[in-house]
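Participant: I'd like to ask you about the structure that follows.
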Amino acid sequence: MQVRAVIYTPSSFSDDLYQKGLSSVDEESQTRIKRFYHRTLIGRLLVRVMLKERGISPSETKFSVTAEGKPYIATQILDPPIAYNITHDNNLIAVAVAPGIQNPPAFSIGIDVMKLRIPGRETFRSFVDTVADQLTQLEHHLLKPYVPEDEQLKRFFWMWTLKEAYTKALGLGLGFDFRRIEFDVVNKIVRVDGDIPQGWRFSMFVIEDEQELYQGVVAEYVGGIPTEVINKDDNRDWLEIYDAISFTENAVDVLKA
C-alpha cells in the first residue's frame with residue numbers, strides 16, 4: 001500500500017500551471033475539474049501519474065463508479081489489479097493505492113484525512129456534541145474532560161477518520177451508522193458491531209503543513225490476517241508528501257512522456 005499526499009496553497013498555484021495540468025487529463029475530467037478547480041485537478045493527476053508509473057496509459061484507461069458512487073478503474077490490465085481511493089480536506093489531497101485483492105471492482109480500500117481544528121467558533125465540547133450519536137460509549141469515555149483538550153482533539157479525529165476510511169473501504173454510501181464502528185485509540189483496537197473484525201489493516205498517518213496538522217487513516221481489507229492498527233510513526237516507507245507546484249509540474253512532464 002502506498003499513500004501520496006499533496007499540499008497546495010491556492011494563492012501560489014498559478015493559472016498557467018493550472019492550465020498545463022488541465023491539458024494533461026481527458027476532456028470529461030476537464031469538465032468536472034473546471035467546476036471544482038485545484039483539488040479535483042490534483043486528485044486526477046495523482047491517479048494518472050500512478051497509472052503511468054505502472055506502465056498503463058491513462059488516456060486508454062476507463063474509470064467508473066459503483067452504484068454507491070465509489071470510483072474505480074474499469075479497464076484493469078495488471079494482475080493483481082489496482083485499487084485506489086482519494087480524500088481531501090482543506091489544502092490537502094491524498095490518494096491510497098494498493099493491489100486489488102478483495103471485493104472487486106472497487107476493492108476494499110478507503111482513505112480519509114482531516115485537518116485538526118474546531119470549525120468556526122465552537123468549543124471542542126460543542127463540536128463533539130454535534131456528532132455525539134455517532135460515537136460509542138467507550139469513545140465518549142476516551143474524550144472525557146480529564147484528558148487534555150489537545151489530546152481529546154487528536155483522539156476524536158483518529159476515531160472519525162478511521163470510521164470514514166472504513167466505510168469508504170466498504171464502498172458504502174451515506175447513512176452508515178458510525179456507532180457500529182468503534183476505535184479504542186488508546187489501545188489501538190477496532191470493533192465493528194462489538195467484535196474485532198478479521199482481515200483488516202488500518203494505517204494511521206500525520207502530515208504537517210507549516211503550523212497546521214492533518215491526521216488520516218487508510219483502511220484495507222486484505223483477508224487472512226488478524227486485524228491490525230499501524231501506528232502513525234510507522235509509515236516512512238509508504239507515505240510520500242509533495243507540494244502542489246512541484247507535483248503538478250512533474251505530473252505534466254510524466255504524462256506528456
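Just remember, in the C-alpha cells the first chain shown is A, the second B, etc., residues are 1-based per chain, and ligands are 1-based in the order shown.
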Identify, on the basis of only C-alpha atoms, every residue whose closest approach to Asp177 in chain A does not exceed 8 Å; exclude the query and any residue fewer than 3 positions from it along the same chain; express the result as a CSV table (one decimal) with N, CA and C atoms, in the first residue's frame.
Facilitator:
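In the end it all went to part.csv:
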```csv
chain,number,residue,atom,x,y,z
A,134,GLN,N,-23.0,9.5,17.0
A,134,GLN,CA,-22.2,8.6,16.1
A,134,GLN,C,-21.0,8.0,16.8
A,180,ARG,N,-21.6,1.8,14.9
A,180,ARG,CA,-21.3,0.4,14.7
A,180,ARG,C,-19.8,0.2,14.7
A,181,ILE,N,-19.0,1.3,14.4
A,181,ILE,CA,-17.6,1.2,14.3
A,181,ILE,C,-17.0,1.9,15.6
```
Participant: Give me, as a PyMOL selection string, all polymer residues having an atom no more than 12 Å from Arg39 in chain A, counting only C-alpha atoms and skipping those fewer than 2 positions away in the same chain.
Facilitator: chain A and resi 5-10+13+18+21-22+32-37+41-46+86-95+244+248
Participant: Do a neighbour search on Ser57 in chain A at 12 Å with only C-alpha atoms, toss out local chain neighbours closer than 5 positions, and write the hits as a PyMOL selection string.
Facilitator: chain A and resi 25-26+47-52+62+75-77+254-257
Participant: Restricting the output to N, CA and C atoms, write the selected residues as a PDB file, in the first residue's frame.
Facilitator:
```pdb
ATOM      1  N   VAL A  25      -5.186  15.898 -18.681  1.00  0.00           N
ATOM      2  CA  VAL A  25      -6.231  14.917 -18.395  1.00  0.00           C
ATOM      3  C   VAL A  25      -7.266  14.927 -19.517  1.00  0.00           C
ATOM      4  N   ASP A  26      -8.140  13.934 -19.529  1.00  0.00           N
ATOM      5  CA  ASP A  26      -9.135  13.796 -20.585  1.00  0.00           C
ATOM      6  C   ASP A  26     -10.206  14.879 -20.491  1.00  0.00           C
ATOM      7  N   VAL A  47      -3.887  10.082  -9.569  1.00  0.00           N
ATOM      8  CA  VAL A  47      -4.266   8.760 -10.073  1.00  0.00           C
ATOM      9  C   VAL A  47      -3.582   8.468 -11.404  1.00  0.00           C
ATOM     10  N   ARG A  48      -3.529   9.453 -12.294  1.00  0.00           N
ATOM     11  CA  ARG A  48      -2.965   9.232 -13.626  1.00  0.00           C
ATOM     12  C   ARG A  48      -1.451   9.049 -13.598  1.00  0.00           C
ATOM     13  N   VAL A  49      -0.773   9.759 -12.707  1.00  0.00           N
ATOM     14  CA  VAL A  49       0.665   9.539 -12.550  1.00  0.00           C
ATOM     15  C   VAL A  49       0.925   8.136 -12.015  1.00  0.00           C
ATOM     16  N   MET A  50       0.108   7.713 -11.074  1.00  0.00           N
ATOM     17  CA  MET A  50       0.232   6.358 -10.530  1.00  0.00           C
ATOM     18  C   MET A  50       0.084   5.316 -11.632  1.00  0.00           C
ATOM     19  N   LEU A  51      -0.867   5.502 -12.525  1.00  0.00           N
ATOM     20  CA  LEU A  51      -1.058   4.563 -13.632  1.00  0.00           C
ATOM     21  C   LEU A  51       0.148   4.573 -14.567  1.00  0.00           C
ATOM     22  N   LYS A  52       0.606   5.784 -14.917  1.00  0.00           N
ATOM     23  CA  LYS A  52       1.734   5.899 -15.851  1.00  0.00           C
ATOM     24  C   LYS A  52       2.980   5.228 -15.289  1.00  0.00           C
ATOM     25  N   LYS A  62     -10.227   3.483 -18.614  1.00  0.00           N
ATOM     26  CA  LYS A  62     -11.598   3.893 -18.355  1.00  0.00           C
ATOM     27  C   LYS A  62     -11.883   3.807 -16.857  1.00  0.00           C
ATOM     28  N   THR A  75     -10.891  -0.570 -16.614  1.00  0.00           N
ATOM     29  CA  THR A  75     -10.069  -1.324 -17.576  1.00  0.00           C
ATOM     30  C   THR A  75      -8.774  -1.746 -16.886  1.00  0.00           C
ATOM     31  N   GLN A  76      -8.820  -2.853 -16.190  1.00  0.00           N
ATOM     32  CA  GLN A  76      -7.669  -3.345 -15.446  1.00  0.00           C
ATOM     33  C   GLN A  76      -6.860  -4.294 -16.330  1.00  0.00           C
ATOM     34  N   ILE A  77      -5.527  -4.066 -16.401  1.00  0.00           N
ATOM     35  CA  ILE A  77      -4.682  -4.936 -17.212  1.00  0.00           C
ATOM     36  C   ILE A  77      -3.572  -5.588 -16.395  1.00  0.00           C
ATOM     37  N   VAL A 254       5.527  13.906 -16.721  1.00  0.00           N
ATOM     38  CA  VAL A 254       5.358  12.445 -16.726  1.00  0.00           C
ATOM     39  C   VAL A 254       4.259  12.033 -17.704  1.00  0.00           C
ATOM     40  N   LEU A 255       3.154  12.726 -17.687  1.00  0.00           N
ATOM     41  CA  LEU A 255       2.005  12.356 -18.515  1.00  0.00           C
ATOM     42  C   LEU A 255       2.222  12.732 -19.988  1.00  0.00           C
ATOM     43  N   LYS A 256       3.156  13.647 -20.231  1.00  0.00           N
ATOM     44  CA  LYS A 256       3.455  14.046 -21.604  1.00  0.00           C
ATOM     45  C   LYS A 256       4.415  13.060 -22.265  1.00  0.00           C
ATOM     46  N   ALA A 257       5.201  12.360 -21.438  1.00  0.00           N
ATOM     47  CA  ALA A 257       6.227  11.447 -21.966  1.00  0.00           C
ATOM     48  C   ALA A 257       5.616  10.224 -22.652  1.00  0.00           C
TER      49      ALA A 257
END
```
Participant: Report as an MDAnalysis selection string all protein, DNA and RNA residues lying within 10 Å of His140 in chain A, evaluated on only C-alpha atoms, omitting residues in the same chain fewer than 6 positions from it.
Facilitator: chainID A and resid 128 132:134 156
Participant: Looking at only C-alpha atoms, which of A:Glu210, A:Glu27, A:Asp193, A:Asp184 is the one that sits closest to Val229 in chain A?
Facilitator: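 Of A:Glu210, A:Glu27, A:Asp193, A:Asp184, the one nearest Val229 in chain A, counting only C-alpha atoms, is A:Asp184.
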Participant: Between A:Glu240, A:Asn85, A:Pro99, A:Lys188, single out the one closest to Glu228 in chain A, counting only C-alpha atoms.
Facilitator: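 Of A:Glu240, A:Asn85, A:Pro99, A:Lys188, the one nearest Glu228 in chain A is A:Lys188, counting only C-alpha atoms.
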Participant: Check the smallest atom-to-atom distance from each of A:Phe176, A:Tyr214, A:Tyr221, A:Phe157 to Ala98 in chain A using only C-alpha atoms, then report the winner.
Facilitator: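 Closest candidate: A:Tyr221.
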Participant: Going by DSSP on the backbone, which bits of range 118-240 of chain A are helix (DSSP H, G or I)? Write them as a short mmCIF file (atom, residue, chain, number, x, y, z; two decimals) with C-alpha atoms, in the first residue's frame, please.
Facilitator:
```
data_model
loop_
_atom_site.label_atom_id
_atom_site.label_comp_id
_atom_site.auth_asym_id
_atom_site.auth_seq_id
_atom_site.Cartn_x
_atom_site.Cartn_y
_atom_site.Cartn_z
CA PHE A 124 -14.41 21.34 21.46
CA ARG A 125 -17.28 20.04 23.59
CA SER A 126 -19.99 21.65 21.45
CA PHE A 127 -18.21 20.35 18.34
CA VAL A 128 -18.25 16.78 19.65
CA ASP A 129 -21.86 17.15 20.76
CA ALA A 132 -22.39 12.59 19.79
CA ASP A 133 -24.86 10.00 18.49
CA GLN A 134 -22.16 8.64 16.13
CA GLN A 137 -19.87 4.78 24.97
CA LEU A 138 -16.17 3.88 25.06
CA GLU A 139 -15.28 6.61 22.57
CA HIS A 140 -17.15 9.17 24.68
CA HIS A 141 -15.23 7.95 27.73
CA GLU A 149 -8.08 19.16 25.21
CA ASP A 150 -5.33 18.90 22.57
CA GLU A 151 -5.23 15.14 23.18
CA GLN A 152 -9.02 14.94 23.06
CA LEU A 153 -8.93 16.67 19.67
CA LYS A 154 -6.38 14.20 18.31
CA ARG A 155 -8.33 11.23 19.68
CA PHE A 156 -11.56 12.46 18.14
CA PHE A 157 -10.07 12.90 14.68
CA TRP A 158 -8.42 9.46 14.84
CA MET A 159 -11.84 7.99 15.62
CA TRP A 160 -13.60 9.94 12.90
CA THR A 161 -11.08 9.41 10.09
CA LEU A 162 -10.98 5.68 10.84
CA LYS A 163 -14.77 5.46 10.68
CA GLU A 164 -14.78 7.37 7.38
CA ALA A 165 -11.97 5.29 5.88
CA TYR A 166 -13.64 2.03 6.89
CA THR A 167 -16.98 2.92 5.30
CA LYS A 168 -15.20 4.15 2.17
CA ALA A 169 -13.33 0.83 2.00
CA LEU A 170 -16.65 -0.99 2.21
CA PHE A 178 -20.89 5.25 12.70
CA ARG A 179 -21.74 3.89 16.15
CA ARG A 180 -21.30 0.43 14.66
#
```
Participant: Would you please work out which residue, of A:Leu142, A:Leu116, A:Leu172, A:Ile207, is nearest to Tyr242 in chain A when using only C-alpha atoms?
Facilitator: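 Among A:Leu142, A:Leu116, A:Leu172, A:Ile207, it is A:Ile207 that comes nearest to Tyr242 in chain A.
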Participant: Neighbours of Arg117 in chain A within 9 Å (only C-alpha atoms; same-chain residues fewer than 3 positions away dropped), as a PyMOL selection string?
Facilitator: chain A and resi 114+153+212-213
Participant: Would you mind listing what lies within 7 Å of Trp238 in chain A as a ChimeraX atom specification, with only C-alpha atoms counted and same-chain residues fewer than 5 positions away left out?
Facilitator: /A:1-3
Participant: Can you tell me how far CA of Pro145 in chain A sits from CA of Gly216 in chain A, in Å to one decimal?
Facilitator: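 These atoms are spaced 23.8 Å apart.
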Participant: Quick one, how far is CA of Gly199 in chain A from CA of Ser64 in chain A?
Facilitator: 26.4 Å
Participant: Just the strand (DSSP E) stuff from range 30-208 of chain A, please, per backbone DSSP, written as a PyMOL selection string.
Facilitator: chain A and resi 63-65+71-73+82-89+92-99+109-115+181-184+189-192+198-208
Participant: Limited to N, CA and C atoms, could you put the picked residues into a file as a tab-separated table (two decimals), in the first residue's frame?
Facilitator:
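Final output, saved to selection.tsv:
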```
chain	number	residue	atom	x	y	z
A	63	PHE	N	-12.57	4.81	-16.35
A	63	PHE	CA	-12.95	4.84	-14.94
A	63	PHE	C	-14.47	4.71	-14.84
A	64	SER	N	-14.90	4.19	-13.71
A	64	SER	CA	-16.33	4.07	-13.48
A	64	SER	C	-16.60	4.25	-12.00
A	65	VAL	N	-17.87	4.18	-11.61
A	65	VAL	CA	-18.24	4.26	-10.20
A	65	VAL	C	-19.24	3.15	-9.89
A	71	PRO	N	-15.49	5.43	-6.92
A	71	PRO	CA	-14.75	5.34	-8.19
A	71	PRO	C	-13.83	4.12	-8.23
A	72	TYR	N	-13.62	3.60	-9.44
A	72	TYR	CA	-12.67	2.51	-9.63
A	72	TYR	C	-12.20	2.49	-11.08
A	73	ILE	N	-11.13	1.76	-11.31
A	73	ILE	CA	-10.57	1.62	-12.66
A	73	ILE	C	-11.30	0.47	-13.35
A	82	ILE	N	-5.35	-2.80	-9.77
A	82	ILE	CA	-5.03	-1.65	-8.91
A	82	ILE	C	-6.29	-1.18	-8.18
A	83	ALA	N	-6.15	-1.00	-6.89
A	83	ALA	CA	-7.21	-0.41	-6.08
A	83	ALA	C	-6.74	0.97	-5.62
A	84	TYR	N	-7.65	1.93	-5.60
A	84	TYR	CA	-7.27	3.26	-5.14
A	84	TYR	C	-8.46	3.96	-4.50
A	85	ASN	N	-8.15	4.98	-3.71
A	85	ASN	CA	-9.17	5.82	-3.12
A	85	ASN	C	-8.57	7.18	-2.84
A	86	ILE	N	-9.37	8.24	-2.98
A	86	ILE	CA	-8.90	9.61	-2.83
A	86	ILE	C	-9.64	10.29	-1.69
A	87	THR	N	-8.94	11.22	-1.03
A	87	THR	CA	-9.56	12.04	0.00
A	87	THR	C	-8.98	13.44	-0.07
A	88	HIS	N	-9.70	14.41	0.47
A	88	HIS	CA	-9.16	15.76	0.57
A	88	HIS	C	-9.85	16.49	1.71
A	89	ASP	N	-9.10	17.42	2.28
A	89	ASP	CA	-9.66	18.30	3.31
A	89	ASP	C	-8.82	19.57	3.34
A	92	LEU	N	-5.19	19.82	1.56
A	92	LEU	CA	-4.50	18.53	1.40
A	92	LEU	C	-5.33	17.59	0.55
A	93	ILE	N	-4.66	16.95	-0.41
A	93	ILE	CA	-5.29	15.93	-1.25
A	93	ILE	C	-4.41	14.69	-1.16
A	94	ALA	N	-4.99	13.52	-0.99
A	94	ALA	CA	-4.20	12.30	-0.86
A	94	ALA	C	-4.88	11.14	-1.57
A	95	VAL	N	-4.05	10.23	-2.08
A	95	VAL	CA	-4.55	9.01	-2.71
A	95	VAL	C	-3.87	7.81	-2.05
A	96	ALA	N	-4.64	6.77	-1.81
A	96	ALA	CA	-4.10	5.49	-1.33
A	96	ALA	C	-4.21	4.50	-2.47
A	97	VAL	N	-3.12	3.76	-2.71
A	97	VAL	CA	-3.06	2.80	-3.81
A	97	VAL	C	-2.58	1.46	-3.26
A	98	ALA	N	-3.21	0.38	-3.69
A	98	ALA	CA	-2.84	-0.95	-3.21
A	98	ALA	C	-3.25	-1.99	-4.25
A	99	PRO	N	-2.71	-3.20	-4.16
A	99	PRO	CA	-3.19	-4.26	-5.05
A	99	PRO	C	-4.67	-4.54	-4.79
A	109	ILE	N	-10.57	-0.67	-0.19
A	109	ILE	CA	-9.58	0.29	0.31
A	109	ILE	C	-10.27	1.64	0.45
A	110	GLY	N	-9.97	2.32	1.54
A	110	GLY	CA	-10.54	3.64	1.78
A	110	GLY	C	-9.54	4.50	2.53
A	111	ILE	N	-9.56	5.78	2.25
A	111	ILE	CA	-8.67	6.71	2.94
A	111	ILE	C	-9.46	7.95	3.33
A	112	ASP	N	-9.14	8.49	4.50
A	112	ASP	CA	-9.75	9.75	4.92
A	112	ASP	C	-8.70	10.57	5.66
A	113	VAL	N	-8.77	11.88	5.48
A	113	VAL	CA	-7.85	12.79	6.14
A	113	VAL	C	-8.63	14.01	6.59
A	114	MET	N	-8.25	14.56	7.74
A	114	MET	CA	-8.91	15.76	8.26
A	114	MET	C	-7.89	16.65	8.95
A	115	LYS	N	-8.10	17.94	8.79
A	115	LYS	CA	-7.27	18.93	9.47
A	115	LYS	C	-7.70	19.04	10.92
A	181	ILE	N	-19.05	1.30	14.39
A	181	ILE	CA	-17.58	1.22	14.35
A	181	ILE	C	-17.04	1.90	15.59
A	182	GLU	N	-16.16	1.22	16.28
A	182	GLU	CA	-15.57	1.78	17.50
A	182	GLU	C	-14.05	1.68	17.40
A	183	PHE	N	-13.39	2.82	17.65
A	183	PHE	CA	-11.93	2.83	17.65
A	183	PHE	C	-11.45	3.20	19.04
A	184	ASP	N	-10.88	2.22	19.71
A	184	ASP	CA	-10.22	2.44	21.00
A	184	ASP	C	-8.84	2.98	20.68
A	189	ILE	N	-7.45	-0.65	19.13
A	189	ILE	CA	-8.35	-1.77	18.85
A	189	ILE	C	-9.57	-1.25	18.11
A	190	VAL	N	-9.92	-1.92	17.01
A	190	VAL	CA	-11.11	-1.55	16.23
A	190	VAL	C	-12.16	-2.64	16.41
A	191	ARG	N	-13.38	-2.22	16.68
A	191	ARG	CA	-14.51	-3.15	16.78
A	191	ARG	C	-15.62	-2.70	15.84
A	192	VAL	N	-16.29	-3.66	15.25
A	192	VAL	CA	-17.45	-3.39	14.41
A	192	VAL	C	-18.60	-4.25	14.95
A	198	GLN	N	-12.01	-9.42	11.27
A	198	GLN	CA	-10.80	-10.11	10.83
A	198	GLN	C	-10.39	-9.64	9.43
A	199	GLY	N	-9.07	-9.61	9.22
A	199	GLY	CA	-8.57	-9.36	7.87
A	199	GLY	C	-8.36	-7.90	7.51
A	200	TRP	N	-8.47	-7.00	8.48
A	200	TRP	CA	-8.35	-5.58	8.17
A	200	TRP	C	-7.01	-5.01	8.63
A	201	ARG	N	-6.53	-4.03	7.89
A	201	ARG	CA	-5.34	-3.27	8.28
A	201	ARG	C	-5.70	-1.79	8.25
A	202	PHE	N	-5.50	-1.11	9.38
A	202	PHE	CA	-5.77	0.32	9.49
A	202	PHE	C	-4.44	1.04	9.71
A	203	SER	N	-4.07	1.91	8.78
A	203	SER	CA	-2.78	2.60	8.84
A	203	SER	C	-3.00	4.08	9.14
A	204	MET	N	-2.47	4.52	10.25
A	204	MET	CA	-2.61	5.91	10.69
A	204	MET	C	-1.43	6.74	10.15
A	205	PHE	N	-1.69	8.00	9.83
A	205	PHE	CA	-0.59	8.88	9.39
A	205	PHE	C	-0.88	10.31	9.78
A	206	VAL	N	0.19	11.08	9.86
A	206	VAL	CA	0.12	12.51	10.21
A	206	VAL	C	0.90	13.29	9.17
A	207	ILE	N	0.35	14.43	8.74
A	207	ILE	CA	1.02	15.31	7.79
A	207	ILE	C	1.02	16.72	8.34
A	208	GLU	N	2.19	17.35	8.34
A	208	GLU	CA	2.32	18.72	8.83
A	208	GLU	C	2.42	19.68	7.65
```
